[in-house]
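The next block is final06.pdb, given as PDB, C-alpha atoms.
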```pdb
MODEL        1
ATOM      1  CA  MET A   1      55.394 158.433 131.152
ATOM      2  CA  ILE A   2      53.935 155.018 130.348
ATOM      3  CA  ILE A   3      52.110 154.631 127.060
ATOM      4  CA  THR A   4      50.096 151.589 126.020
ATOM      5  CA  ASN A   5      47.331 150.877 123.580
ATOM      6  CA  ILE A   6      45.395 148.575 125.888
ATOM      7  CA  PRO A   7      42.665 150.075 128.099
ATOM      8  CA  TYR A   8      44.374 149.133 131.373
ATOM      9  CA  LEU A   9      47.862 148.891 132.772
ATOM     10  CA  PRO A  10      49.026 145.498 133.990
ATOM     11  CA  GLY A  11      50.683 145.677 137.384
ATOM     12  CA  TYR A  12      49.153 149.061 138.148
ATOM     13  CA  THR A  13      45.889 150.351 139.507
ATOM     14  CA  ILE A  14      44.256 153.360 137.885
ATOM     15  CA  GLU A  15      43.650 156.052 140.467
ATOM     16  CA  GLU A  16      42.330 158.903 138.422
ATOM     17  CA  HIS A  17      41.119 159.574 134.890
ATOM     18  CA  PHE A  18      41.875 162.850 133.154
ATOM     19  CA  GLY A  19      40.035 162.249 129.913
ATOM     20  CA  LEU A  20      41.279 162.369 126.346
ATOM     21  CA  VAL A  21      44.656 163.810 125.455
ATOM     22  CA  THR A  22      45.706 164.308 121.856
ATOM     23  CA  GLY A  23      48.741 165.188 119.808
ATOM     24  CA  SER A  24      48.815 165.891 116.116
ATOM     25  CA  THR A  25      51.226 167.135 113.505
ATOM     26  CA  VAL A  26      51.309 167.760 109.776
ATOM     27  CA  GLN A  27      54.671 166.949 108.227
ATOM     28  CA  SER A  28      56.050 167.188 104.749
ATOM     29  CA  LYS A  29      59.324 166.408 103.036
ATOM     30  CA  HIS A  30      61.486 168.632 100.909
ATOM     31  CA  PHE A  31      61.235 168.690  97.142
ATOM     32  CA  GLY A  32      64.050 166.178  96.611
ATOM     33  CA  ARG A  33      62.241 163.488  98.566
ATOM     34  CA  ASP A  34      59.073 164.064  96.556
ATOM     35  CA  LEU A  35      61.070 163.755  93.363
ATOM     36  CA  MET A  36      62.574 160.465  94.542
ATOM     37  CA  ALA A  37      59.070 159.227  95.316
ATOM     38  CA  TYR A  38      58.117 160.040  91.736
ATOM     39  CA  PHE A  39      60.916 157.882  90.382
ATOM     40  CA  LYS A  40      60.197 155.128  92.866
ATOM     41  CA  ASN A  41      56.664 154.994  91.504
ATOM     42  CA  VAL A  42      57.968 153.501  88.288
ATOM     43  CA  PHE A  43      59.866 150.673  89.946
ATOM     44  CA  GLY A  44      57.732 150.157  93.030
ATOM     45  CA  GLY A  45      59.112 149.469  96.459
ATOM     46  CA  GLU A  46      59.503 151.279  99.716
ATOM     47  CA  LEU A  47      59.431 155.077  99.790
ATOM     48  CA  LYS A  48      62.080 155.483 102.482
ATOM     49  CA  GLY A  49      61.685 159.241 102.628
ATOM     50  CA  TYR A  50      58.019 158.939 103.443
ATOM     51  CA  THR A  51      58.578 156.189 105.989
ATOM     52  CA  GLU A  52      61.059 158.514 107.664
ATOM     53  CA  LEU A  53      58.486 161.299 107.492
ATOM     54  CA  LEU A  54      55.928 159.086 109.185
ATOM     55  CA  ASN A  55      58.421 158.140 111.857
ATOM     56  CA  GLU A  56      59.236 161.760 112.645
ATOM     57  CA  ALA A  57      55.556 162.675 112.601
ATOM     58  CA  ARG A  58      54.757 159.905 115.055
ATOM     59  CA  GLN A  59      57.491 161.039 117.431
ATOM     60  CA  ILE A  60      56.311 164.650 117.316
ATOM     61  CA  ALA A  61      52.665 163.661 117.799
ATOM     62  CA  LEU A  62      53.588 161.489 120.778
ATOM     63  CA  LYS A  63      55.719 164.272 122.235
ATOM     64  CA  ARG A  64      52.731 166.606 122.098
ATOM     65  CA  LEU A  65      50.589 163.895 123.633
ATOM     66  CA  TYR A  66      53.107 163.542 126.501
ATOM     67  CA  ALA A  67      53.164 167.306 127.014
ATOM     68  CA  GLN A  68      49.409 167.482 127.254
ATOM     69  CA  ALA A  69      49.216 164.499 129.578
ATOM     70  CA  GLU A  70      51.884 165.977 131.815
ATOM     71  CA  SER A  71      50.094 169.309 131.959
ATOM     72  CA  VAL A  72      46.989 167.657 133.397
ATOM     73  CA  GLY A  73      49.060 165.711 135.925
ATOM     74  CA  ALA A  74      48.903 162.229 134.446
ATOM     75  CA  ASN A  75      51.694 159.669 134.551
ATOM     76  CA  ALA A  76      50.340 157.251 131.951
ATOM     77  CA  VAL A  77      48.355 157.352 128.732
ATOM     78  CA  LEU A  78      46.238 154.330 127.906
ATOM     79  CA  ASN A  79      44.431 153.116 124.814
ATOM     80  CA  VAL A  80      46.562 155.199 122.461
ATOM     81  CA  ARG A  81      45.484 155.125 118.817
ATOM     82  CA  PHE A  82      47.024 156.555 115.696
ATOM     83  CA  SER A  83      45.217 157.968 112.755
ATOM     84  CA  THR A  84      46.690 159.311 109.543
ATOM     85  CA  THR A  85      45.304 161.564 106.878
ATOM     86  CA  SER A  86      46.990 162.772 103.725
ATOM     87  CA  VAL A  87      45.999 166.409 103.798
ATOM     88  CA  THR A  88      47.609 167.438 100.537
ATOM     89  CA  SER A  89      50.124 165.874  98.177
ATOM     90  CA  GLY A  90      53.426 165.102  99.860
ATOM     91  CA  ALA A  91      52.200 165.927 103.349
ATOM     92  CA  ALA A  92      50.745 163.702 106.026
ATOM     93  CA  GLU A  93      48.848 164.423 109.184
ATOM     94  CA  LEU A  94      49.438 162.091 112.065
ATOM     95  CA  TYR A  95      47.090 162.172 115.002
ATOM     96  CA  ALA A  96      47.636 160.320 118.259
ATOM     97  CA  TYR A  97      45.031 160.180 120.988
ATOM     98  CA  GLY A  98      44.600 158.356 124.242
ATOM     99  CA  THR A  99      43.236 158.483 127.771
ATOM    100  CA  ALA A 100      45.398 160.169 130.384
ATOM    101  CA  VAL A 101      45.352 158.524 133.799
ATOM    102  CA  ARG A 102      47.273 158.492 137.028
ATOM    103  CA  ALA A 103      48.412 154.973 137.811
ATOM    104  CA  GLN A 104      49.846 153.531 140.995
ATOM    105  CA  LYS A 105      52.108 150.500 140.930
ATOM    106  CA  VAL A 106      50.779 147.466 142.767
ATOM    107  CA  SER A 107      53.378 146.022 145.093
ATOM    108  CA  HIS A 108      53.764 142.306 144.561
ATOM    109  CA  VAL A 109      54.266 140.215 147.655
TER     110      VAL A 109
ATOM    111  CA  MET B 110      54.904 158.225  68.974
ATOM    112  CA  SER B 111      57.729 158.889  71.404
ATOM    113  CA  GLU B 112      55.074 159.316  74.053
ATOM    114  CA  LEU B 113      53.987 155.720  73.485
ATOM    115  CA  TYR B 114      57.571 154.451  73.653
ATOM    116  CA  THR B 115      58.079 156.220  76.945
ATOM    117  CA  ILE B 116      54.981 154.609  78.431
ATOM    118  CA  LEU B 117      55.997 151.174  77.125
ATOM    119  CA  LEU B 118      59.467 151.670  78.583
ATOM    120  CA  LEU B 119      58.014 152.663  81.929
ATOM    121  CA  ILE B 120      55.703 149.643  81.949
ATOM    122  CA  GLY B 121      58.625 147.355  81.071
ATOM    123  CA  ALA B 122      60.869 148.855  83.733
ATOM    124  CA  GLY B 123      58.064 148.649  86.270
ATOM    125  CA  TYR B 124      57.414 145.005  85.420
ATOM    126  CA  ILE B 125      61.038 143.921  85.714
ATOM    127  CA  PHE B 126      62.157 145.949  88.728
ATOM    128  CA  GLY B 127      58.796 145.687  90.466
ATOM    129  CA  ASN B 128      58.839 141.899  90.296
ATOM    130  CA  ILE B 129      62.478 141.639  91.381
ATOM    131  CA  GLY B 130      61.799 143.972  94.286
ATOM    132  CA  GLU B 131      58.686 142.138  95.328
ATOM    133  CA  ARG B 132      60.307 138.721  95.232
ATOM    134  CA  ARG B 133      63.219 140.016  97.289
ATOM    135  CA  HIS B 134      60.842 141.617  99.768
ATOM    136  CA  PHE B 135      58.756 138.461 100.209
ATOM    137  CA  ARG B 136      61.928 136.451 100.784
ATOM    138  CA  SER B 137      63.093 138.893 103.445
ATOM    139  CA  LEU B 138      59.614 138.946 105.032
ATOM    140  CA  ARG B 139      59.530 135.169 105.329
ATOM    141  CA  ALA B 140      63.026 135.052 106.828
ATOM    142  CA  ARG B 141      62.321 137.765 109.394
ATOM    143  CA  GLU B 142      58.925 136.323 110.273
ATOM    144  CA  ALA B 143      60.589 133.007 111.027
ATOM    145  CA  GLU B 144      63.127 134.798 113.237
ATOM    146  CA  THR B 145      60.512 136.676 115.272
ATOM    147  CA  LEU B 146      58.113 133.744 115.606
ATOM    148  CA  ARG B 147      59.026 133.682 119.302
ATOM    149  CA  ILE B 148      57.003 136.862 119.943
ATOM    150  CA  PRO B 149      53.309 136.281 119.318
ATOM    151  CA  THR B 150      51.206 139.215 118.185
ATOM    152  CA  ILE B 151      47.498 139.189 118.954
ATOM    153  CA  ASP B 152      44.817 141.773 118.319
ATOM    154  CA  ILE B 153      42.932 141.376 121.589
ATOM    155  CA  ASP B 154      44.011 142.897 124.887
ATOM    156  CA  VAL B 155      44.580 139.909 127.122
ATOM    157  CA  VAL B 156      47.411 139.701 129.604
ATOM    158  CA  ASP B 157      48.228 136.564 131.552
ATOM    159  CA  GLN B 158      46.921 137.431 135.031
ATOM    160  CA  ALA B 159      48.925 134.655 136.660
ATOM    161  CA  ARG B 160      52.237 136.242 135.716
ATOM    162  CA  VAL B 161      53.842 139.449 136.872
ATOM    163  CA  VAL B 162      54.141 142.109 134.197
ATOM    164  CA  VAL B 163      57.412 144.011 134.378
ATOM    165  CA  GLU B 164      56.857 146.306 131.453
ATOM    166  CA  ALA B 165      54.028 147.374 129.160
ATOM    167  CA  ARG B 166      54.813 149.891 126.474
ATOM    168  CA  LEU B 167      53.571 151.103 123.141
ATOM    169  CA  VAL B 168      55.448 149.841 120.098
ATOM    170  CA  CYS B 169      54.917 150.975 116.510
ATOM    171  CA  GLY B 170      56.134 150.070 113.085
ATOM    172  CA  GLN B 171      55.514 151.964 109.900
ATOM    173  CA  VAL B 172      56.216 151.576 106.230
ATOM    174  CA  THR B 173      55.356 153.370 103.014
ATOM    175  CA  LEU B 174      55.215 151.242  99.879
ATOM    176  CA  ALA B 175      54.740 152.359  96.309
ATOM    177  CA  VAL B 176      53.211 150.305  93.545
ATOM    178  CA  ASP B 177      55.196 150.079  90.290
ATOM    179  CA  TYR B 178      54.143 151.428  86.912
ATOM    180  CA  PHE B 179      53.231 148.051  85.438
ATOM    181  CA  ARG B 180      50.944 147.160  88.317
ATOM    182  CA  ARG B 181      49.240 150.510  88.154
ATOM    183  CA  PHE B 182      48.660 149.954  84.443
ATOM    184  CA  ALA B 183      47.409 146.382  85.022
ATOM    185  CA  GLY B 184      45.237 147.654  87.859
ATOM    186  CA  SER B 185      43.594 150.295  85.701
ATOM    187  CA  ILE B 186      42.724 147.694  83.072
ATOM    188  CA  ARG B 187      41.358 145.371  85.740
ATOM    189  CA  ASN B 188      39.392 148.255  87.207
ATOM    190  CA  PHE B 189      37.615 148.670  83.874
ATOM    191  CA  PHE B 190      36.456 145.049  83.738
ATOM    192  CA  GLY B 191      36.070 144.605  87.462
ATOM    193  CA  GLY B 192      37.156 141.702  89.601
ATOM    194  CA  GLN B 193      39.990 140.793  91.905
ATOM    195  CA  MET B 194      42.931 143.180  91.671
ATOM    196  CA  ALA B 195      45.838 140.879  92.422
ATOM    197  CA  ALA B 196      48.338 143.614  91.559
ATOM    198  CA  TYR B 197      47.276 145.649  94.574
ATOM    199  CA  GLU B 198      46.624 142.735  96.904
ATOM    200  CA  SER B 199      50.284 141.833  97.170
ATOM    201  CA  LEU B 200      51.148 145.472  97.904
ATOM    202  CA  LEU B 201      48.726 145.578 100.833
ATOM    203  CA  ASP B 202      49.949 142.225 102.091
ATOM    204  CA  ARG B 203      53.587 143.332 101.962
ATOM    205  CA  ALA B 204      52.891 146.651 103.656
ATOM    206  CA  ARG B 205      50.989 145.103 106.559
ATOM    207  CA  ARG B 206      53.505 142.326 107.147
ATOM    208  CA  GLU B 207      56.412 144.769 106.990
ATOM    209  CA  ALA B 208      54.713 147.124 109.465
ATOM    210  CA  ILE B 209      54.094 144.277 111.918
ATOM    211  CA  LEU B 210      57.718 143.116 111.592
ATOM    212  CA  ARG B 211      59.026 146.623 112.299
ATOM    213  CA  MET B 212      56.749 146.860 115.288
ATOM    214  CA  LYS B 213      58.102 143.552 116.584
ATOM    215  CA  ALA B 214      61.641 144.799 116.012
ATOM    216  CA  GLU B 215      60.971 147.514 118.600
ATOM    217  CA  ALA B 216      60.243 144.874 121.209
ATOM    218  CA  PRO B 217      63.002 142.265 120.922
ATOM    219  CA  ASP B 218      63.047 141.552 124.668
ATOM    220  CA  CYS B 219      59.290 141.252 125.126
ATOM    221  CA  ASP B 220      57.146 138.141 125.493
ATOM    222  CA  ILE B 221      54.037 139.158 123.600
ATOM    223  CA  VAL B 222      52.567 142.088 121.696
ATOM    224  CA  VAL B 223      48.875 142.518 122.438
ATOM    225  CA  ASN B 224      46.107 144.676 120.992
ATOM    226  CA  VAL B 225      47.745 145.114 117.609
ATOM    227  CA  HIS B 226      46.038 147.647 115.372
ATOM    228  CA  ILE B 227      46.901 148.180 111.739
ATOM    229  CA  ASP B 228      46.046 151.491 110.188
ATOM    230  CA  ALA B 229      46.551 151.999 106.465
ATOM    231  CA  CYS B 230      46.283 155.248 104.579
ATOM    232  CA  PRO B 231      46.715 155.700 100.843
ATOM    233  CA  ILE B 232      48.932 158.558  99.735
ATOM    234  CA  GLY B 233      47.692 159.876  96.428
ATOM    235  CA  LYS B 234      48.661 162.720  94.170
ATOM    236  CA  GLU B 235      45.428 163.060  92.323
ATOM    237  CA  LYS B 236      45.980 166.657  91.461
ATOM    238  CA  SER B 237      49.123 166.181  89.386
ATOM    239  CA  LYS B 238      48.407 166.688  85.706
ATOM    240  CA  GLY B 239      51.360 164.792  84.240
ATOM    241  CA  ARG B 240      51.798 161.116  83.473
ATOM    242  CA  PHE B 241      52.978 160.424  86.981
ATOM    243  CA  LYS B 242      50.765 159.910  89.889
ATOM    244  CA  VAL B 243      52.190 158.917  93.221
ATOM    245  CA  THR B 244      50.131 156.064  94.527
ATOM    246  CA  ALA B 245      51.547 154.681  97.691
ATOM    247  CA  LEU B 246      50.284 153.054 100.810
ATOM    248  CA  GLU B 247      51.424 153.899 104.284
ATOM    249  CA  CYS B 248      50.844 151.433 107.061
ATOM    250  CA  ILE B 249      51.190 151.877 110.808
ATOM    251  CA  ALA B 250      51.030 148.926 113.155
ATOM    252  CA  SER B 251      50.770 149.704 116.847
ATOM    253  CA  GLY B 252      50.521 147.409 119.837
ATOM    254  CA  THR B 253      51.442 147.038 123.472
ATOM    255  CA  ALA B 254      54.557 145.019 124.150
ATOM    256  CA  ILE B 255      54.363 143.036 127.381
ATOM    257  CA  ARG B 256      57.352 141.720 129.266
ATOM    258  CA  TYR B 257      56.690 139.218 132.047
ATOM    259  CA  ALA B 258      58.926 138.647 135.036
ATOM    260  CA  GLN B 259      61.154 135.611 134.722
ATOM    261  CA  LYS B 260      59.840 132.635 136.639
TER     262      LYS B 260
ENDMDL
END
```

Using the file provided, produce a representation of the structure as structure tokens.
Amino acid sequence: MIITNIPYLPGYTIEEHFGLVTGSTVQSKHFGRDLMAYFKNVFGGELKGYTELLNEARQIALKRLYAQAESVGANAVLNVRFSTTSVTSGAAELYAYGTAVRAQKVSHV
Amino acid sequence: MSELYTILLLIGAGYIFGNIGERRHFRSLRAREAETLRIPTIDIDVVDQARVVVEARLVCGQVTLAVDYFRRFAGSIRNFFGGQMAAYESLLDRARREAILRMKAEAPDCDIVVNVHIDACPIGKEKSKGRFKVTALECIASGTAIRYAQK
């Protein structure tokens, strides 16, 4: 599966469009991580636990995006965008969406 | 009275550690930006048509940064009078640059990263009743890494 966030695929021709495919997930961290974030708010700096959370959320969202794209018979997803929402305290929704297409590699002479 | 001391202590700790952390972060940002200068990042989707593209793939980088207690305090005072909130500006700047650097780190062998989008979302704990409120900023940078065939 090829994923890009540009609306075309260099070196390939698009043969068929399958429309929008999406993947989303809501993730949260355990209490300890939230507590650490509380302390970190005094000193400032990176909240590693939440970065990790975002990373996992992105991977899960993309996995669901792949699954949906595969189910419609696509081999590439173009123009992928991410969007995040903080649903409630300590939890984040990550939403990935893109256009599923079937692409054929152009043979270079 | 002890309440006041606690707040003063938190502001002091935030000021000292926040500034040390920020200075260290800016130093590391500058160093890593100099290292990855070889890979340009642009926010439009142009690919050199004259060259053969071997690989095009999505790359992402994300970071969550918290603002320290002193800055939050300074920000709330500034918010009352209005004007430029420098305390938060540096946070946004750091978060975006860090996210772009992490995105670039996913594509060490690529020639260019095109169509870079930066999405920022504030994480807030508005509902908490206590003194603490988590105010943090999460940033995701995404782009398409392009690798050209060697000439």

What residues in chain A lie within 10 Å of chain B, counting only C-alpha atoms, written as number ranges by chain? A: 1-12, 34, 37-55, 58, 77-92, 108

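Taking atom CA of Tyr97 of chain A and atom CA of Gly23 of chain A as the two end points, the separation is 6.3 Å.
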
Nearby residues, (51.0, 165.0, 126.3) file frame, 10 Å, only C-alpha atoms, as a list of chain:residue names: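 All residues meeting the 10 Å criterion around (51.0, 165.0, 126.3) are A:Met1, A:Val21, A:Thr22, A:Gly23, A:Ala61, A:Leu62, A:Lys63, A:Arg64, A:Leu65, A:Tyr66, A:Ala67, A:Gln68, A:Ala69, A:Glu70, A:Ser71, A:Val72, A:Gly73, A:Ala74, A:Asn75, A:Ala76, A:Val77, A:Ala96, A:Tyr97, A:Gly98, A:Ala100.
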
Report as an mmCIF file with C-alpha atoms, in the coordinates of the input the residues that result from applying the PyMOL selection byres ((chain B and resi 220) around 6) to the structure here.
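result08.cif was written with the following content:
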```cif
data_model
loop_
_atom_site.group_PDB
_atom_site.id
_atom_site.type_symbol
_atom_site.label_atom_id
_atom_site.label_comp_id
_atom_site.auth_asym_id
_atom_site.auth_seq_id
_atom_site.Cartn_x
_atom_site.Cartn_y
_atom_site.Cartn_z
ATOM 1 C CA ILE B 148 57.003 136.862 119.943
ATOM 2 C CA CYS B 219 59.290 141.252 125.126
ATOM 3 C CA ILE B 221 54.037 139.158 123.600
ATOM 4 C CA ILE B 255 54.363 143.036 127.381
ATOM 5 C CA ARG B 256 57.352 141.720 129.266
#
```

Atom pair atom CA of Ile186 of chain B / atom CA of Tyr114 of chain B: separation (Å):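 About the pair atom CA of Ile186 of chain B and atom CA of Tyr114 of chain B: they are 18.8 Å apart.
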
Answer as a list in words, residues within 7 Å of (59.3, 142.9, 103.7) using only C-alpha atoms: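 I get His134, Phe135, Ser137, Leu138, Arg203, Arg206 and Glu207 of chain B for the residues within 7 Å of that point.
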
Please report the interatomic distance between atom CA of Ser24 of chain A and atom CA of Arg211 of chain B in Å with one decimal.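 Atom CA of Arg211 of chain B lies 22.1 Å from atom CA of Ser24 of chain A.
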
Edge lengths and centre in Å to one decimal, as lines of an AutoDock Vina configuration file, is what I'm after for the box along x, y and z that holds all listed atoms of segment 88-101 of chain A once 6 Å is added on each side.
```
center_x = 48.3
center_y = 162.9
center_z = 116.0
size_x = 22.2
size_y = 21.1
size_z = 47.6
```

Save segment 181-250 of chain B from what I just supplied, as an mmCIF file, in the first residue's frame, atoms limited to C-alpha atoms.
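Ended up saving to out-v8.cif:
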```cif
data_model
loop_
_atom_site.group_PDB
_atom_site.id
_atom_site.type_symbol
_atom_site.label_atom_id
_atom_site.label_comp_id
_atom_site.auth_asym_id
_atom_site.auth_seq_id
_atom_site.Cartn_x
_atom_site.Cartn_y
_atom_site.Cartn_z
ATOM 1 C CA ARG B 181 0.833 30.417 31.993
ATOM 2 C CA PHE B 182 0.780 32.994 34.781
ATOM 3 C CA ALA B 183 2.451 35.637 32.572
ATOM 4 C CA GLY B 184 0.053 34.745 29.773
ATOM 5 C CA SER B 185 -3.005 35.234 31.950
ATOM 6 C CA ILE B 186 -1.794 38.683 32.983
ATOM 7 C CA ARG B 187 -1.069 39.575 29.369
ATOM 8 C CA ASN B 188 -4.487 38.271 28.390
ATOM 9 C CA PHE B 189 -6.068 40.794 30.751
ATOM 10 C CA PHE B 190 -4.304 43.774 29.174
ATOM 11 C CA GLY B 191 -4.218 42.388 25.669
ATOM 12 C CA GLY B 192 -1.364 42.407 23.212
ATOM 13 C CA GLN B 193 1.300 40.064 21.954
ATOM 14 C CA MET B 194 1.662 36.937 24.075
ATOM 15 C CA ALA B 195 5.350 36.186 23.694
ATOM 16 C CA ALA B 196 5.148 33.436 26.316
ATOM 17 C CA TYR B 197 2.988 31.312 24.039
ATOM 18 C CA GLU B 198 4.631 32.300 20.773
ATOM 19 C CA SER B 199 7.846 30.484 21.578
ATOM 20 C CA LEU B 200 5.870 27.369 22.536
ATOM 21 C CA LEU B 201 4.128 27.292 19.158
ATOM 22 C CA ASP B 202 7.387 27.949 17.352
ATOM 23 C CA ARG B 203 9.152 25.125 19.192
ATOM 24 C CA ALA B 204 6.320 22.668 18.638
ATOM 25 C CA ARG B 205 6.119 23.294 14.895
ATOM 26 C CA ARG B 206 9.870 23.153 14.344
ATOM 27 C CA GLU B 207 10.170 19.974 16.405
ATOM 28 C CA ALA B 208 7.328 18.318 14.472
ATOM 29 C CA ILE B 209 8.948 19.182 11.134
ATOM 30 C CA LEU B 210 12.316 17.847 12.345
ATOM 31 C CA ARG B 211 10.746 14.556 13.445
ATOM 32 C CA MET B 212 9.012 14.280 10.114
ATOM 33 C CA LYS B 213 12.331 14.812 8.339
ATOM 34 C CA ALA B 214 13.922 12.187 10.573
ATOM 35 C CA GLU B 215 11.547 9.627 9.047
ATOM 36 C CA ALA B 216 12.945 10.353 5.607
ATOM 37 C CA PRO B 217 16.736 10.406 5.959
ATOM 38 C CA ASP B 218 17.318 8.910 2.501
ATOM 39 C CA CYS B 219 14.900 11.149 0.616
ATOM 40 C CA ASP B 220 15.613 14.163 -1.578
ATOM 41 C CA ILE B 221 12.684 16.400 -0.738
ATOM 42 C CA VAL B 222 9.545 16.478 1.385
ATOM 43 C CA VAL B 223 6.655 18.088 -0.465
ATOM 44 C CA ASN B 224 3.158 19.196 0.516
ATOM 45 C CA VAL B 225 3.959 19.649 4.186
ATOM 46 C CA HIS B 226 0.931 20.283 6.369
ATOM 47 C CA ILE B 227 1.117 21.279 10.003
ATOM 48 C CA ASP B 228 -1.858 20.572 12.182
ATOM 49 C CA ALA B 229 -1.908 21.846 15.752
ATOM 50 C CA CYS B 230 -4.431 20.989 18.414
ATOM 51 C CA PRO B 231 -4.490 22.349 21.949
ATOM 52 C CA ILE B 232 -4.982 19.822 24.721
ATOM 53 C CA GLY B 233 -6.828 21.454 27.572
ATOM 54 C CA LYS B 234 -8.198 20.279 30.869
ATOM 55 C CA GLU B 235 -10.731 22.980 31.387
ATOM 56 C CA LYS B 236 -12.914 20.891 33.591
ATOM 57 C CA SER B 237 -10.392 20.321 36.371
ATOM 58 C CA LYS B 238 -11.297 22.318 39.454
ATOM 59 C CA GLY B 239 -7.890 22.418 41.142
ATOM 60 C CA ARG B 240 -4.974 24.779 40.678
ATOM 61 C CA PHE B 241 -3.614 22.699 37.849
ATOM 62 C CA LYS B 242 -4.769 22.883 34.349
ATOM 63 C CA VAL B 243 -3.024 20.927 31.657
ATOM 64 C CA THR B 244 -2.423 23.255 28.776
ATOM 65 C CA ALA B 245 -0.408 21.627 26.088
ATOM 66 C CA LEU B 246 -0.102 21.803 22.368
ATOM 67 C CA GLU B 247 0.137 18.828 20.091
ATOM 68 C CA CYS B 248 1.516 19.273 16.623
ATOM 69 C CA ILE B 249 1.485 16.888 13.679
ATOM 70 C CA ALA B 250 3.501 17.590 10.566
#
```
